[in-house]
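Coordinates as given in structure.txt (compact mmCIF, C-alpha atoms and all ligand atoms):
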# COMPACT_ATOMS: atom_id res chain seq x y z
CA MET A 1462 0.00 0.00 0.00
CA PRO A 1463 1.45 3.42 -0.98
CA GLU A 1464 2.49 5.60 1.89
CA LYS A 1465 -0.05 8.28 2.92
CA LYS A 1466 0.84 11.86 2.06
CA SER A 1467 0.64 12.89 5.74
CA ASP A 1468 3.12 10.15 6.72
CA ILE A 1469 5.55 11.33 4.08
CA MET A 1470 5.15 14.91 5.29
CA ASP A 1471 5.81 13.77 8.86
CA LYS A 1472 8.96 12.01 7.73
CA ILE A 1473 10.14 15.11 5.88
CA ALA A 1474 9.39 17.28 8.91
CA ASP A 1475 11.34 14.87 11.10
CA ALA A 1476 14.29 14.91 8.74
CA ASN A 1477 14.30 18.68 8.79
CA LYS A 1478 14.62 19.07 12.54
CA SER A 1479 17.06 21.89 13.11
CA VAL A 1480 20.53 20.40 13.05
CA VAL A 1481 21.84 22.68 15.77
CA THR A 1482 18.87 23.30 18.04
CA GLY A 1483 17.31 19.84 17.70
CA ILE A 1484 13.91 21.54 17.84
CA ASP A 1485 10.97 20.10 15.99
CA GLU A 1486 8.35 22.81 15.35
CA LYS A 1487 5.48 20.49 16.25
CA ASP A 1488 6.96 20.11 19.77
CA ILE A 1489 7.02 23.85 20.38
CA GLU A 1490 4.39 25.05 22.83
CA HIS A 1491 5.38 28.68 23.35
CA TRP A 1492 6.84 31.24 21.02
CA ILE A 1493 8.48 34.47 22.06
CA THR A 1494 9.62 37.53 20.16
CA ILE A 1495 13.21 38.67 20.32
CA SER A 1496 15.18 41.23 18.38
CA ILE A 1497 18.59 40.34 16.96
CA LEU A 1498 20.73 43.19 15.65
CA GLY A 1499 17.61 45.30 15.34
CA ARG A 1500 15.41 42.76 13.56
CA LYS A 1501 12.49 40.91 15.15
CA TYR A 1502 12.13 37.13 15.16
CA GLN A 1503 9.71 34.60 16.62
CA VAL A 1504 11.61 31.82 18.36
CA PRO A 1505 10.61 28.96 20.64
CA ALA A 1506 10.73 29.71 24.35
CA GLY A 1507 13.31 27.78 26.33
CA LEU A 1508 16.23 28.02 23.93
CA THR A 1509 19.56 29.54 24.82
CA ILE A 1510 20.37 32.83 23.13
CA MET A 1511 22.79 30.96 20.87
CA GLN A 1512 20.20 28.34 19.87
CA ALA A 1513 17.57 31.04 19.33
CA MET A 1514 19.87 32.96 17.01
CA GLU A 1515 20.57 29.79 15.07
CA PHE A 1516 16.85 29.04 14.93
CA ALA A 1517 16.36 32.51 13.48
CA GLY A 1518 18.87 31.68 10.75
CA TYR A 1519 22.15 33.07 12.06
CA ARG A 1520 25.21 30.99 11.40
CA PHE A 1521 28.00 31.61 13.89
CA ILE A 1522 31.39 32.04 12.33
CA ARG A 1523 32.50 34.21 15.28
CA SER A 1524 31.19 34.55 18.85
CA CYS A 1525 30.90 30.81 19.32
CA GLY A 1526 33.29 28.20 20.61
CA CYS A 1527 32.71 25.53 23.22
CA ARG A 1528 28.91 26.02 23.60
CA ALA A 1529 29.39 25.03 27.21
CA GLY A 1530 30.31 28.17 29.16
CA PHE A 1531 34.08 27.73 29.15
CA CYS A 1532 35.67 29.53 26.22
CA GLY A 1533 34.27 33.04 26.66
CA ALA A 1534 33.63 33.50 22.93
CA CYS A 1535 29.90 34.16 23.03
CA ALA A 1536 29.77 37.48 24.91
CA THR A 1537 26.36 39.05 24.44
CA VAL A 1538 24.85 42.42 25.28
CA TYR A 1539 21.10 42.81 25.56
CA ARG A 1540 18.31 44.91 26.90
CA LEU A 1541 14.79 43.88 27.91
CA GLU A 1542 11.77 45.72 26.61
CA GLY A 1543 10.82 48.61 28.88
CA ASP A 1544 14.07 48.38 30.84
CA TYR A 1545 16.86 50.91 30.38
CA ARG A 1546 19.61 48.58 31.66
CA LEU A 1547 22.19 47.17 29.29
CA ARG A 1548 22.78 43.61 30.42
CA THR A 1549 25.50 41.12 29.62
CA ALA A 1550 25.49 37.35 29.27
CA MET A 1551 27.09 34.34 27.62
CA ALA A 1552 24.88 33.33 24.68
CA CYS A 1553 25.41 29.61 25.20
CA GLN A 1554 24.47 29.75 28.88
CA THR A 1555 21.52 32.14 28.98
CA ARG A 1556 17.93 31.47 27.97
CA VAL A 1557 16.12 33.85 25.67
CA GLU A 1558 13.33 35.93 27.15
CA ASP A 1559 10.42 37.57 25.43
CA GLY A 1560 11.32 41.11 24.36
CA MET A 1561 15.09 40.69 24.41
CA TYR A 1562 17.06 43.07 22.21
CA LEU A 1563 20.29 41.23 21.48
CA THR A 1564 23.65 41.71 19.93
CA GLN A 1565 26.90 39.75 20.02
CA ILE A 1566 30.31 41.15 20.93
CA PRO A 1567 32.64 39.11 18.75
CA PHE A 1568 35.89 40.43 20.18
CA THR A 1569 37.14 43.03 22.66
CA PRO A 1570 40.23 44.74 21.27
CA ALA A 1571 41.98 45.13 24.64
CA GLU A 1572 45.61 45.91 25.32
CA LYS A 1573 47.66 42.81 26.13
CA ALA A 1574 51.25 43.14 27.35
CA LYS A 1575 54.03 40.87 26.15
CA TYR A 1576 56.22 39.56 28.95
CA ASP A 1577 58.59 36.77 29.82
CA ILE A 1578 57.13 35.25 32.96
CA THR A 1579 60.54 33.83 33.96
CA LYS A 1580 61.91 37.38 34.23
CA LEU A 1581 59.13 38.72 36.46
CA THR A 1582 58.79 38.71 40.22
CA PRO A 1583 55.27 38.34 41.63
CA GLY A 1584 54.12 41.61 43.11
CA ILE A 1585 53.20 45.17 42.35
CA GLU A 1586 56.20 45.86 40.04
CA ALA A 1587 55.22 43.12 37.60
CA LEU A 1588 51.67 44.43 37.39
CA LEU A 1589 52.56 48.11 37.16
CA HIS A 1590 55.35 47.54 34.67
CA ASN A 1591 53.05 45.66 32.28
CA TYR A 1592 49.77 47.37 33.04
CA PRO A 1593 50.37 50.76 34.70
CA GLU A 1594 46.82 51.80 33.79
CA ILE A 1595 45.45 49.49 36.49
CA LEU A 1596 45.84 52.45 38.88
CA ARG A 1597 43.19 54.33 36.91
CA CYS A 1598 40.40 52.15 38.38
CA LEU A 1599 37.65 54.40 39.70
CA GLY A 1600 36.04 51.81 41.94
CA CYS A 1601 32.68 52.08 40.15
CA ASN A 1602 31.94 48.31 40.16
CA ALA A 1603 30.58 48.31 36.58
CA CYS A 1604 32.96 45.43 35.77
CA THR A 1605 31.58 43.22 38.55
CA LYS A 1606 28.00 43.89 37.42
CA ALA A 1607 28.93 42.93 33.85
CA CYS A 1608 30.67 39.67 34.68
CA PRO A 1609 28.63 36.61 33.60
CA GLN A 1610 30.77 34.46 35.90
CA ASP A 1611 29.75 36.49 38.96
CA ILE A 1612 33.37 37.31 39.68
CA ASP A 1613 34.08 40.26 41.94
CA VAL A 1614 36.17 41.95 39.26
CA MET A 1615 36.53 45.25 41.12
CA GLU A 1616 37.89 43.32 44.10
CA TYR A 1617 40.57 41.55 42.06
CA ILE A 1618 41.57 44.86 40.51
CA ALA A 1619 41.86 46.30 44.04
CA ALA A 1620 44.06 43.31 44.98
CA GLY A 1621 46.16 43.97 41.87
CA LYS A 1622 46.66 47.59 42.90
CA ARG A 1623 48.11 46.30 46.18
CA GLY A 1624 50.32 43.81 44.30
CA ASP A 1625 48.51 40.86 45.88
CA VAL A 1626 48.79 38.40 42.98
CA GLU A 1627 47.62 35.46 45.08
CA LYS A 1628 44.31 37.17 45.90
CA MET A 1629 43.93 38.36 42.33
CA ALA A 1630 44.55 34.84 41.02
CA GLU A 1631 42.16 33.33 43.52
CA ILE A 1632 39.26 35.75 42.86
CA SER A 1633 39.66 35.61 39.09
CA PHE A 1634 40.05 31.82 38.91
CA ASP A 1635 36.76 31.31 37.00
CA CYS A 1636 37.42 34.08 34.46
CA ILE A 1637 36.71 32.91 30.90
CA GLN A 1638 38.26 35.98 29.22
CA CYS A 1639 34.98 37.08 27.66
CA GLY A 1640 35.91 40.77 27.79
CA LEU A 1641 32.53 41.99 29.04
CA CYS A 1642 34.09 43.69 32.09
CA ALA A 1643 36.43 45.63 29.82
CA ILE A 1644 33.72 46.94 27.52
CA ARG A 1645 31.83 48.39 30.51
CA CYS A 1646 34.84 49.96 32.23
CA PRO A 1647 34.82 53.79 32.21
CA ALA A 1648 38.59 53.75 32.90
CA GLU A 1649 39.12 51.55 29.83
CA LEU A 1650 40.95 48.80 31.67
CA ALA A 1651 41.42 45.25 30.39
CA GLN A 1652 40.84 43.57 33.74
CA TYR A 1653 40.97 40.00 32.51
CA ASN A 1654 44.45 40.39 31.03
CA TYR A 1655 45.79 41.70 34.33
CA ALA A 1656 44.18 38.78 36.13
CA GLN A 1657 45.73 36.37 33.66
CA LEU A 1658 49.17 37.80 34.46
CA ALA A 1659 48.45 37.40 38.19
CA ARG A 1660 47.41 33.76 37.72
CA ARG A 1661 50.54 33.07 35.69
CA LEU A 1662 52.73 34.68 38.33
CA TYR A 1663 51.01 32.81 41.11
CA GLY A 1664 51.09 29.55 39.18
CA ARG A 1665 54.81 29.89 38.54
CA TYR A 1666 56.04 31.33 41.82
CA GLY A 1667 53.33 30.87 44.43
CA THR A 1668 52.41 27.20 44.13
CA PRO A 1669 54.66 24.17 44.75
CA LYS A 1670 55.77 22.30 41.65
CA PRO A 1671 54.12 18.87 41.61
CA GLU A 1672 56.51 15.92 41.61
CA HIS A 1673 54.75 14.14 38.73
CA LEU A 1674 55.18 17.24 36.57
CA LYS A 1675 58.91 17.42 37.34
CA ASN A 1676 59.25 13.74 36.44
CA ARG A 1677 57.33 14.12 33.21
CA VAL A 1678 59.44 17.11 32.11
CA LYS A 1679 62.57 15.06 32.87
CA GLU A 1680 61.25 12.15 30.82
CA ILE A 1681 60.51 14.45 27.89
CA GLY A 1682 64.07 15.85 28.17
CA GLN A 1683 65.34 12.25 28.00
CA ASP A 1684 63.40 11.68 24.75
CA LYS A 1685 61.20 9.03 26.33
CA PHE A 1686 58.30 9.99 24.07
CA LYS A 1687 60.29 10.82 20.93
CA ASP A 1688 59.05 7.84 18.90
CA ASP A 1689 55.42 8.60 19.82
CA PHE A 1690 55.82 12.29 18.94
CA ASP A 1691 57.47 11.43 15.62
CA LYS A 1692 54.63 9.05 14.82
CA LEU A 1693 52.07 11.76 15.57
CA LEU A 1694 53.87 14.41 13.54
CA SER A 1695 54.25 12.20 10.49
CA GLY A 1696 50.70 10.79 10.53
CA ASN A 1697 48.11 11.85 7.98
CA GLU A 1698 44.62 12.94 9.02
CA ASP A 1699 43.02 9.49 8.69
CA GLU A 1700 45.73 7.83 10.73
CA LEU A 1701 45.50 10.54 13.39
CA ARG A 1702 41.73 10.11 13.60
CA LYS A 1703 42.12 6.33 13.96
CA MET A 1704 44.72 6.80 16.73
CA TYR A 1705 42.49 9.31 18.47
CA THR A 1706 39.39 7.13 18.51
CA SER A 1707 41.26 3.99 19.58
CA ARG A 1708 43.32 5.70 22.32
CA ASP A 1709 43.25 4.54 25.93
CA ILE A 1710 41.00 6.81 27.95
CA GLU A 1711 41.78 7.27 31.62
CA LYS A 1712 38.91 6.26 33.83
CA ALA A 1713 37.35 9.11 35.81
S1 LIG A 1801 36.27 38.90 34.71
FE1 LIG A 1801 35.76 39.93 32.79
S2 LIG A 1801 36.61 38.67 31.17
FE2 LIG A 1801 36.53 37.42 33.05
S3 LIG A 1801 34.59 36.36 32.94
FE3 LIG A 1801 34.22 38.22 34.13
S4 LIG A 1801 33.55 39.72 32.59
FE4 LIG A 1801 34.47 38.03 31.46
S1 LIG A 1802 34.67 49.10 35.74
FE1 LIG A 1802 36.79 49.79 35.58
S2 LIG A 1802 36.85 51.62 36.83
FE2 LIG A 1802 34.98 50.58 37.41
S3 LIG A 1802 35.61 49.29 39.18
FE3 LIG A 1802 35.82 48.04 37.35
S4 LIG A 1802 37.97 48.28 36.74
FE4 LIG A 1802 37.49 49.96 38.16
S1 LIG A 1803 30.50 29.33 23.30
FE1 LIG A 1803 32.11 29.03 24.77
S2 LIG A 1803 31.36 30.12 26.50
FE2 LIG A 1803 29.70 30.23 25.12
Encoding of this model in structure tokens:
Amino acid sequence: MPEKKSDIMDKIADANKSVVTGIDEKDIEHWITISILGRKYQVPAGLTIMQAMEFAGYRFIRSCGCRAGFCGACATVYRLEGDYRLRTAMACQTRVEDGMYLTQIPFTPAEKAKYDITKLTPGIEALLHNYPEILRCLGCNACTKACPQDIDVMEYIAAGKRGDVEKMAEISFDCIQCGLCAIRCPAELAQYNYAQLARRLYGRYGTPKPEHLKNRVKEIGQDKFKDDFDKLLSGNEDELRKMYTSRDIEKA
């Protein structure tokens, strides 16, 4: 018996489920209206901002990385209808709301110093030499309000001004370098780059070197892994893929 037209249509609809959002229109109960770069779209409620933008037809070639809240690539600025506040979020971690006016911040062109960490001493000199502008902080707290990781950014900047790299490293530990603090700073600081320097200084000078790391570096110096490295470097893509999928995975 020939297949019914409705069955065929169902099959086609199923095959056309959005590749990225996994949303089937017949499963959608609520629609909301959002505005992306000034244009309005109807999207299903419950999606993340990133999924909603993809549902609306945007293809991310920037402003998207891990999709899991770690890489900091999806910095987003938005406003809600009837609210004057400019809010910030990570697009992969925040759900869309009705009346959101959205835009992506693909990159924050912030100053980043070049330094040789082995030639620095942890403390105020290292911070002021590389980032003297840190002293311009006005203590307004706009950076803390902007941080999607809920980091007390103003507090780590205050620690930096005292040269307390340990405190700075500790407070900024969850920073994902999204740049949202920097775009809101009236003193035009690049907070996250200063915090990165503090974490590097603390990591190098303030924490004990683990024994297993020392041993591994020694083994590398003794060419223990040379044959394996050579094999990796000479492999073609297919061979590398095969090695990757058949590798031993450490149990959690
Ligand atoms: S401290 Fe700044 S760069 Fe780091 S996560 Fe918060 S807003 Fe993003
Ligand atoms: S936004 Fe800038 S000026 Fe204001 S507290 Fe943060 S670092 Fe200081
Ligand atoms: S895509 Fe990596 S944090 Fe959102």
| remark: ligand LIG 1801 (chain A) proximity check over A:Glu1515, A:Asp1544, A:Asp1611, A:Asp1559, using all atoms listed in the file: winner is A:Asp1611
| request: Output the neighbourhood of ligand LIG 1803 (chain A) as an MDAnalysis selection string, that is, all protein and nucleic acid residues with some atom at most 12 Å from the ligand, counting all atoms listed in the file. | output: chainID A and resid 1509:1512 1521:1537 1550:1555 1565:1567 1609:1610 1635:1640
| message | Please return as a ChimeraX atom specification the residues found within 7 Å of ligand LIG 1802 (chain A), counting all atoms listed in the file. | response | /A:1597-1605,1614-1615,1618,1642,1645-1650,1652
Go ahead and save the residues from that selection, with C-alpha atoms, as a CSV table (one decimal), keeping the file's coordinate frame.
chain,number,residue,atom,x,y,z
A,1597,ARG,CA,43.2,54.3,36.9
A,1598,CYS,CA,40.4,52.2,38.4
A,1599,LEU,CA,37.6,54.4,39.7
A,1600,GLY,CA,36.0,51.8,41.9
A,1601,CYS,CA,32.7,52.1,40.2
A,1602,ASN,CA,31.9,48.3,40.2
A,1603,ALA,CA,30.6,48.3,36.6
A,1604,CYS,CA,33.0,45.4,35.8
A,1605,THR,CA,31.6,43.2,38.6
A,1614,VAL,CA,36.2,42.0,39.3
A,1615,MET,CA,36.5,45.2,41.1
A,1618,ILE,CA,41.6,44.9,40.5
A,1642,CYS,CA,34.1,43.7,32.1
A,1645,ARG,CA,31.8,48.4,30.5
A,1646,CYS,CA,34.8,50.0,32.2
A,1647,PRO,CA,34.8,53.8,32.2
A,1648,ALA,CA,38.6,53.8,32.9
A,1649,GLU,CA,39.1,51.6,29.8
A,1650,LEU,CA,41.0,48.8,31.7
A,1652,GLN,CA,40.8,43.6,33.7
Enclose all atoms of ligand LIG 1801 (chain A) listed in the file in an axis-aligned box, grow every side by 3 Å, and hand back centre and edge lengths in Å to one decimal, as JSON.
{"center_x": 35.1, "center_y": 38.1, "center_z": 32.9, "size_x": 9.1, "size_y": 9.6, "size_z": 9.5}
| Which residue of A:Thr1582, A:Ser1633, A:Thr1564, A:Asn1591 approaches ligand LIG 1801 (chain A) most closely, using only C-alpha atoms and all ligand atoms | A:Ser1633
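For the residues A:Ala1651, A:Leu1589, A:Leu1541, A:Met1704, ranking by smallest atom-to-atom distance to ligand LIG 1801 (chain A) using only C-alpha atoms and all ligand atoms places A:Ala1651 first.
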| request: For A:Lys1692, work out the shell of residues within 12 Å, counting all atoms listed in the file and skipping chain neighbours fewer than 5 positions away, then give it as a list in words. | output: Phe1686, Lys1687, Asn1697, Glu1700, Leu1701 and Met1704 of chain A
| query | With only C-alpha atoms and all ligand atoms as the atoms that count, which of A:Asp1613, A:Glu1542, A:Glu1490, A:Glu1558 lies nearest to ligand LIG 1801 (chain A)? | reply |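 Comparing A:Asp1613, A:Glu1542, A:Glu1490, A:Glu1558 against ligand LIG 1801 (chain A), the winner is A:Asp1613.
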